[in-house]
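The structure file run08.cif is reproduced below (mmCIF, C-alpha atoms).
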```
data_structure
loop_
_atom_site.label_atom_id
_atom_site.label_comp_id
_atom_site.auth_asym_id
_atom_site.auth_seq_id
_atom_site.Cartn_x
_atom_site.Cartn_y
_atom_site.Cartn_z
CA MET A 1320 -158.93 -38.46 123.68
CA THR A 1321 -155.19 -37.93 123.82
CA SER A 1322 -152.73 -40.76 123.70
CA ALA A 1323 -152.30 -42.59 126.99
CA LEU A 1324 -149.01 -44.20 127.88
CA ALA A 1325 -148.81 -46.97 130.44
CA THR A 1326 -146.71 -45.93 133.42
CA ASP A 1327 -144.30 -48.87 133.49
CA VAL A 1328 -142.64 -48.29 130.11
CA PRO A 1329 -139.13 -49.61 129.46
CA GLU A 1330 -136.45 -46.92 129.60
CA ARG A 1331 -135.65 -47.36 125.90
CA THR A 1332 -138.78 -45.37 125.01
CA THR A 1333 -137.06 -42.18 126.12
CA THR A 1334 -133.51 -42.96 125.00
CA THR A 1335 -133.81 -44.79 121.67
CA PRO A 1336 -134.84 -42.78 118.61
CA ILE A 1337 -137.73 -44.15 116.58
CA ARG A 1338 -136.74 -44.91 112.99
CA ALA A 1339 -139.61 -47.09 111.76
CA VAL A 1340 -143.35 -47.58 112.17
CA CYS A 1341 -145.13 -50.86 111.45
CA LEU A 1342 -148.87 -50.95 110.93
CA ASP A 1343 -151.41 -53.75 110.96
CA ILE A 1344 -153.78 -53.67 107.95
CA ASP A 1345 -157.26 -55.01 108.75
CA ASP A 1346 -159.27 -52.85 111.16
CA THR A 1347 -156.23 -50.58 111.53
CA LEU A 1348 -155.88 -49.12 108.02
CA VAL A 1349 -158.85 -50.76 106.34
CA ASP A 1350 -162.35 -51.12 107.78
CA TYR A 1351 -162.30 -54.86 107.32
CA GLY A 1352 -165.02 -55.61 109.86
CA GLN A 1353 -167.63 -53.51 108.10
CA ALA A 1354 -166.68 -54.89 104.68
CA ALA A 1355 -166.85 -58.47 105.96
CA ARG A 1356 -170.24 -57.87 107.54
CA THR A 1357 -171.61 -56.28 104.38
CA ALA A 1358 -170.42 -59.25 102.34
CA LEU A 1359 -171.94 -61.74 104.76
CA VAL A 1360 -175.31 -60.00 104.72
CA ALA A 1361 -175.30 -60.01 100.91
CA LEU A 1362 -174.56 -63.73 100.89
CA ALA A 1363 -176.70 -64.97 103.77
CA GLY A 1364 -179.49 -62.43 103.33
CA ARG A 1365 -179.57 -61.67 107.05
CA ASP A 1366 -177.57 -59.60 109.54
CA ASP A 1367 -178.24 -61.67 112.64
CA ALA A 1368 -175.79 -64.35 111.44
CA TRP A 1369 -172.76 -62.16 112.15
CA PRO A 1370 -172.14 -63.58 115.69
CA LEU A 1371 -172.04 -67.08 114.17
CA TRP A 1372 -169.45 -65.90 111.65
CA GLU A 1373 -167.35 -64.28 114.37
CA ARG A 1374 -167.43 -67.49 116.38
CA ALA A 1375 -166.37 -69.62 113.41
CA ASN A 1376 -163.71 -67.10 112.44
CA ALA A 1377 -162.20 -66.96 115.94
CA ARG A 1378 -162.02 -70.74 116.18
CA HIS A 1379 -160.43 -71.39 112.79
CA PHE A 1380 -158.23 -68.31 112.73
CA ALA A 1381 -156.70 -69.55 115.99
CA ARG A 1382 -155.82 -72.79 114.20
CA LEU A 1383 -154.18 -70.75 111.45
CA LEU A 1384 -152.11 -68.77 113.95
CA ALA A 1385 -151.09 -72.00 115.66
CA GLY A 1386 -149.74 -73.29 112.34
CA GLU A 1387 -152.20 -76.18 112.22
CA ILE A 1388 -153.69 -75.19 108.85
CA ASP A 1389 -152.92 -72.90 105.91
CA TYR A 1390 -154.95 -69.84 104.91
CA GLU A 1391 -157.09 -71.54 102.26
CA THR A 1392 -157.94 -74.43 104.58
CA MET A 1393 -158.90 -71.91 107.26
CA ARG A 1394 -161.29 -70.15 104.87
CA ARG A 1395 -162.90 -73.44 103.80
CA ASP A 1396 -163.28 -74.83 107.32
CA ARG A 1397 -164.55 -71.49 108.64
CA ALA A 1398 -167.23 -71.32 105.96
CA ARG A 1399 -168.25 -74.95 106.49
CA ALA A 1400 -168.65 -74.37 110.23
CA PHE A 1401 -170.60 -71.16 109.66
CA TYR A 1402 -173.08 -72.69 107.23
CA ARG A 1403 -173.45 -75.76 109.42
CA ASP A 1404 -174.48 -73.43 112.26
CA LEU A 1405 -177.09 -72.02 109.87
CA GLY A 1406 -178.38 -75.54 109.23
CA GLU A 1407 -176.70 -76.08 105.84
CA ARG A 1408 -174.27 -78.87 105.04
CA LEU A 1409 -172.26 -77.95 101.96
CA ASP A 1410 -169.70 -79.81 99.89
CA ASP A 1411 -166.33 -78.27 99.06
CA GLY A 1412 -167.50 -77.06 95.64
CA GLU A 1413 -170.44 -75.10 97.05
CA ILE A 1414 -168.28 -73.68 99.83
CA ALA A 1415 -165.69 -72.49 97.30
CA GLU A 1416 -168.39 -70.88 95.14
CA ARG A 1417 -169.94 -69.04 98.07
CA GLU A 1418 -166.55 -67.92 99.37
CA ALA A 1419 -165.73 -66.53 95.92
CA ARG A 1420 -169.00 -64.56 95.88
CA ARG A 1421 -168.40 -63.30 99.41
CA GLN A 1422 -164.92 -62.15 98.45
CA VAL A 1423 -166.22 -60.17 95.46
CA VAL A 1424 -168.73 -58.29 97.62
CA MET A 1425 -166.16 -57.70 100.33
CA GLU A 1426 -163.60 -56.26 97.90
CA ARG A 1427 -166.22 -53.83 96.63
CA SER A 1428 -166.87 -52.78 100.23
CA TRP A 1429 -163.28 -52.13 101.32
CA SER A 1430 -162.69 -48.63 102.65
CA VAL A 1431 -159.82 -46.79 104.29
CA TYR A 1432 -160.42 -45.05 107.61
CA ALA A 1433 -160.39 -41.26 107.36
CA ASP A 1434 -157.33 -40.95 109.61
CA VAL A 1435 -155.12 -43.26 107.53
CA LEU A 1436 -153.87 -41.15 104.62
CA PRO A 1437 -153.01 -38.11 106.76
CA CYS A 1438 -151.05 -40.36 109.10
CA LEU A 1439 -149.20 -42.14 106.28
CA ASP A 1440 -148.40 -38.79 104.66
CA TRP A 1441 -146.93 -37.60 107.95
CA LEU A 1442 -144.85 -40.72 108.49
CA ARG A 1443 -143.36 -40.53 105.01
CA ALA A 1444 -142.70 -36.79 105.18
CA ALA A 1445 -141.04 -37.29 108.56
CA GLY A 1446 -138.53 -39.69 107.01
CA LEU A 1447 -139.61 -42.77 108.91
CA ARG A 1448 -139.44 -46.26 107.44
CA VAL A 1449 -142.93 -47.75 107.17
CA ALA A 1450 -144.08 -51.38 106.99
CA ALA A 1451 -147.38 -53.22 106.92
CA VAL A 1452 -147.50 -56.36 109.07
CA THR A 1453 -150.40 -58.76 108.60
CA ASN A 1454 -151.48 -62.27 109.52
CA ALA A 1455 -153.65 -62.58 106.39
CA SER A 1456 -152.60 -64.09 103.05
CA GLY A 1457 -150.02 -62.31 100.91
CA ALA A 1458 -151.84 -62.14 97.59
CA HIS A 1459 -155.06 -61.04 99.25
CA GLN A 1460 -153.47 -58.27 101.30
CA ARG A 1461 -151.24 -56.96 98.53
CA ALA A 1462 -154.25 -56.75 96.21
CA LYS A 1463 -156.10 -54.85 98.92
CA LEU A 1464 -153.30 -52.34 99.41
CA ASP A 1465 -153.03 -51.84 95.64
CA ALA A 1466 -156.77 -51.40 95.17
CA LEU A 1467 -156.96 -48.81 97.93
CA GLY A 1468 -153.90 -46.85 96.77
CA LEU A 1469 -151.83 -47.63 99.87
CA SER A 1470 -148.98 -49.72 98.48
CA ASP A 1471 -146.61 -46.83 97.72
CA PHE A 1472 -146.57 -45.75 101.37
CA PHE A 1473 -144.78 -48.93 102.49
CA ASP A 1474 -141.12 -49.83 102.35
CA HIS A 1475 -141.99 -53.41 103.22
CA VAL A 1476 -145.04 -55.65 103.58
CA ALA A 1477 -144.65 -58.54 106.03
CA ILE A 1478 -146.99 -61.49 105.43
CA ALA A 1479 -147.37 -64.16 108.11
CA GLY A 1480 -147.84 -66.97 105.60
CA GLU A 1481 -144.67 -66.06 103.73
CA ILE A 1482 -142.57 -65.64 106.88
CA ARG A 1483 -144.15 -68.75 108.44
CA ALA A 1484 -144.72 -66.87 111.66
CA ALA A 1485 -147.79 -64.89 112.69
CA LYS A 1486 -148.34 -62.15 115.23
CA PRO A 1487 -147.71 -62.32 118.18
CA ASP A 1488 -144.68 -64.49 117.34
CA PRO A 1489 -141.55 -62.32 117.72
CA VAL A 1490 -140.22 -63.77 114.47
CA ILE A 1491 -142.60 -61.73 112.30
CA PHE A 1492 -141.68 -58.51 114.11
CA HIS A 1493 -137.95 -59.20 114.02
CA THR A 1494 -138.08 -60.18 110.34
CA THR A 1495 -139.84 -56.90 109.57
CA CYS A 1496 -137.27 -54.87 111.49
CA LEU A 1497 -134.47 -56.63 109.63
CA ALA A 1498 -136.11 -55.79 106.30
CA LEU A 1499 -136.41 -52.15 107.36
CA GLY A 1500 -132.81 -51.99 108.59
CA VAL A 1501 -133.68 -51.06 112.18
CA ASP A 1502 -133.33 -52.64 115.59
CA PRO A 1503 -136.59 -53.69 117.34
CA GLY A 1504 -136.13 -50.92 119.92
CA GLU A 1505 -136.13 -48.37 117.09
CA ALA A 1506 -139.52 -49.50 115.77
CA VAL A 1507 -143.15 -48.92 116.73
CA HIS A 1508 -145.91 -51.34 115.83
CA VAL A 1509 -149.54 -50.16 115.75
CA GLY A 1510 -152.58 -52.40 115.51
CA ASP A 1511 -156.18 -52.86 116.58
CA ARG A 1512 -155.51 -56.06 118.54
CA LEU A 1513 -154.16 -55.55 122.05
CA ASP A 1514 -152.90 -59.12 122.28
CA LEU A 1515 -151.57 -59.85 118.81
CA ASP A 1516 -150.36 -56.37 117.90
CA ALA A 1517 -149.48 -54.22 120.90
CA VAL A 1518 -148.46 -56.86 123.45
CA GLY A 1519 -146.87 -59.04 120.77
CA ALA A 1520 -144.75 -56.12 119.57
CA ARG A 1521 -143.80 -55.11 123.11
CA ASP A 1522 -142.71 -58.65 123.94
CA ALA A 1523 -140.60 -58.69 120.75
CA GLY A 1524 -138.75 -55.56 121.87
CA LEU A 1525 -140.66 -53.01 119.77
CA HIS A 1526 -142.83 -50.21 121.08
CA GLY A 1527 -146.35 -51.65 121.11
CA VAL A 1528 -149.25 -49.30 120.37
CA TRP A 1529 -152.87 -50.40 120.65
CA LEU A 1530 -155.25 -48.61 118.28
CA ASN A 1531 -158.41 -48.76 120.37
CA ARG A 1532 -160.87 -47.35 117.83
CA ASP A 1533 -163.90 -48.63 119.72
CA GLY A 1534 -162.88 -47.08 123.04
CA LYS A 1535 -162.84 -50.40 124.90
CA ARG A 1536 -162.42 -49.90 128.63
CA THR A 1537 -159.48 -52.27 128.91
CA PRO A 1538 -156.50 -50.94 130.85
CA PRO A 1539 -153.29 -51.38 128.86
CA PRO A 1540 -150.59 -53.60 130.32
CA PRO A 1541 -147.21 -52.08 131.19
CA GLY A 1542 -145.17 -50.96 128.20
CA VAL A 1543 -148.15 -50.56 125.85
CA SER A 1544 -149.36 -47.21 124.55
CA VAL A 1545 -152.98 -46.56 123.59
CA ILE A 1546 -154.44 -44.29 120.92
CA THR A 1547 -158.02 -44.09 119.67
CA SER A 1548 -157.16 -42.70 116.22
CA LEU A 1549 -154.14 -42.69 113.93
CA ALA A 1550 -154.38 -38.90 114.13
CA GLU A 1551 -152.86 -39.31 117.60
CA LEU A 1552 -149.85 -41.28 116.41
CA PRO A 1553 -147.64 -38.29 115.39
CA GLY A 1554 -148.13 -36.74 118.83
CA LEU A 1555 -147.27 -40.03 120.52
CA LEU A 1556 -144.07 -40.35 118.50
CA VAL A 1557 -142.96 -36.76 118.99
CA CYS A 1558 -143.92 -36.26 122.62
CA ASP A 1559 -144.43 -39.46 124.57
CA MET A 1560 -141.70 -41.47 122.82
CA ALA A 1561 -139.15 -38.64 122.65
CA TRP A 1562 -138.82 -39.22 118.93
CA GLU A 1563 -135.73 -37.69 117.39
CA GLN A 1564 -135.35 -37.01 113.68
CA ALA A 1565 -133.18 -34.64 111.71
CA VAL A 1566 -135.93 -33.60 109.33
CA ALA A 1567 -138.62 -30.99 109.69
CA VAL A 1568 -141.74 -32.51 111.19
CA PRO A 1569 -144.86 -31.58 109.19
CA PRO A 1570 -148.14 -30.99 110.98
CA ALA A 1571 -150.56 -33.92 110.93
CA ARG A 1572 -153.52 -33.28 108.67
CA ARG A 1573 -156.97 -33.70 110.20
#
```

Transcribe the structure of this file into structure tokens.
Amino acid sequence: MTSALATDVPERTTTTPIRAVCLDIDDTLVDYGQAARTALVALAGRDDAWPLWERANARHFARLLAGEIDYETMRRDRARAFYRDLGERLDDGEIAEREARRQVVMERSWSVYADVLPCLDWLRAAGLRVAAVTNASGAHQRAKLDALGLSDFFDHVAIAGEIRAAKPDPVIFHTTCLALGVDPGEAVHVGDRLDLDAVGARDAGLHGVWLNRDGKRTPPPPGVSVITSLAELPGLLVCDMAWEQAVAVPPARR
């Protein structure tokens, strides 16, 4: 599938050169969902508990994004709710021990999508500034990028907890652009969440790109571009966004 661009795109997409690309981490660069599911199966001994985990995660992650709790409290409360749904009532010590074991298994299961390294190579060779923008904890995400050999590709890593603003808050996008030395209209943000990533970036004045890996049949709102693989990103930048750069553009590796 080729990149699809919503018809009602602000005029700046054809007049403002793109100088920077921001990328979400989990389920954009790293197959977080599969790693998390593998870890949960190893801990709970069953795969049918995943919907319960997703429900607990959605509820408590929303509290994190709203600024009601910090990351560690979110993890504790999420685990407590999950195990309660399984019929277990655990104290804080047992929850911490199980979370530590889950984290170990998950870290061993991290993997980078096949389209990531070719895309990052292209972005760097093309002379673009590159940032990672994440709502997860700083230490956790930096360790992940280091372990997977991705850290050197980024000029900046924006962490919601450190900035005290999480996607889709414009503050995290504007802070990232400031760190990269570009205006919001000169930056593209790519992520797997239509609401937090693509729409959030668009509303902050960036070019919002939804990475729809699963091929969801959700029509994009005006001003949001859609790709199904990072292999499509170079074409989107060069063609659909009228990207201008004074360096030779290398071919994207497949």

Going by the chain IDs and residue numbers used in this file, which residues fall under the PyMOL selection byres ((chain A and resi 1400) around 10)? Write them as a short mmCIF file (atom, residue, chain, number, x, y, z; two decimals) with C-alpha atoms, in the coordinates of the input.
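Contents of selection-v3.cif, freshly written:
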```
data_model
loop_
_atom_site.label_atom_id
_atom_site.label_comp_id
_atom_site.auth_asym_id
_atom_site.auth_seq_id
_atom_site.Cartn_x
_atom_site.Cartn_y
_atom_site.Cartn_z
CA LEU A 1371 -172.04 -67.08 114.17
CA TRP A 1372 -169.45 -65.90 111.65
CA ARG A 1374 -167.43 -67.49 116.38
CA ALA A 1375 -166.37 -69.62 113.41
CA ASN A 1376 -163.71 -67.10 112.44
CA ARG A 1378 -162.02 -70.74 116.18
CA HIS A 1379 -160.43 -71.39 112.79
CA ARG A 1395 -162.90 -73.44 103.80
CA ASP A 1396 -163.28 -74.83 107.32
CA ARG A 1397 -164.55 -71.49 108.64
CA ALA A 1398 -167.23 -71.32 105.96
CA ARG A 1399 -168.25 -74.95 106.49
CA PHE A 1401 -170.60 -71.16 109.66
CA TYR A 1402 -173.08 -72.69 107.23
CA ARG A 1403 -173.45 -75.76 109.42
CA ASP A 1404 -174.48 -73.43 112.26
CA LEU A 1405 -177.09 -72.02 109.87
CA GLY A 1406 -178.38 -75.54 109.23
CA GLU A 1407 -176.70 -76.08 105.84
CA ARG A 1408 -174.27 -78.87 105.04
CA LEU A 1409 -172.26 -77.95 101.96
#
```

Subject >> Residues selected by the PyMOL selection byres ((chain A and resi 1498) around 12), written as an MDAnalysis selection string >> reply: chainID A and resid 1339 1341 1448:1452 1473:1477 1482 1491:1497 1499:1503 1506

Take the residues from that selection and write them out as a PDB file, in the frame of the given file, keeping C-alpha atoms.
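Generated file (result30.pdb):
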```pdb
ATOM      1  CA  ALA A1339    -139.610 -47.090 111.760  1.00  0.00           C
ATOM      2  CA  CYS A1341    -145.130 -50.860 111.450  1.00  0.00           C
ATOM      3  CA  ARG A1448    -139.440 -46.260 107.440  1.00  0.00           C
ATOM      4  CA  VAL A1449    -142.930 -47.750 107.170  1.00  0.00           C
ATOM      5  CA  ALA A1450    -144.080 -51.380 106.990  1.00  0.00           C
ATOM      6  CA  ALA A1451    -147.380 -53.220 106.920  1.00  0.00           C
ATOM      7  CA  VAL A1452    -147.500 -56.360 109.070  1.00  0.00           C
ATOM      8  CA  PHE A1473    -144.780 -48.930 102.490  1.00  0.00           C
ATOM      9  CA  ASP A1474    -141.120 -49.830 102.350  1.00  0.00           C
ATOM     10  CA  HIS A1475    -141.990 -53.410 103.220  1.00  0.00           C
ATOM     11  CA  VAL A1476    -145.040 -55.650 103.580  1.00  0.00           C
ATOM     12  CA  ALA A1477    -144.650 -58.540 106.030  1.00  0.00           C
ATOM     13  CA  ILE A1482    -142.570 -65.640 106.880  1.00  0.00           C
ATOM     14  CA  ILE A1491    -142.600 -61.730 112.300  1.00  0.00           C
ATOM     15  CA  PHE A1492    -141.680 -58.510 114.110  1.00  0.00           C
ATOM     16  CA  HIS A1493    -137.950 -59.200 114.020  1.00  0.00           C
ATOM     17  CA  THR A1494    -138.080 -60.180 110.340  1.00  0.00           C
ATOM     18  CA  THR A1495    -139.840 -56.900 109.570  1.00  0.00           C
ATOM     19  CA  CYS A1496    -137.270 -54.870 111.490  1.00  0.00           C
ATOM     20  CA  LEU A1497    -134.470 -56.630 109.630  1.00  0.00           C
ATOM     21  CA  LEU A1499    -136.410 -52.150 107.360  1.00  0.00           C
ATOM     22  CA  GLY A1500    -132.810 -51.990 108.590  1.00  0.00           C
ATOM     23  CA  VAL A1501    -133.680 -51.060 112.180  1.00  0.00           C
ATOM     24  CA  ASP A1502    -133.330 -52.640 115.590  1.00  0.00           C
ATOM     25  CA  PRO A1503    -136.590 -53.690 117.340  1.00  0.00           C
ATOM     26  CA  ALA A1506    -139.520 -49.500 115.770  1.00  0.00           C
TER      27      ALA A1506
END
```

Original post:
Can you list, as a ChimeraX atom specification, every protein, DNA or RNA residue that comes within 8 Å of A:Glu1426 when you count all atoms listed in the file, leaving out same-chain residues fewer than 4 positions away?
Top reply: /A:1354,1422,1463

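Put simply, the PyMOL selection byres ((chain A and resi 1548) around 7) on this file hits Asp1434, Leu1530, Arg1532, Ile1546, Thr1547, Leu1549, Ala1550 and Glu1551 of chain A.
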
Subject >> Nearest-residue call for A:Asp1346, choices A:Val1431, A:Val1518, A:Leu1552, A:Leu1447, using only C-alpha atoms >> reply: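 Going through A:Val1431, A:Val1518, A:Leu1552, A:Leu1447 one by one, the smallest distance to A:Asp1346 is for A:Val1431.
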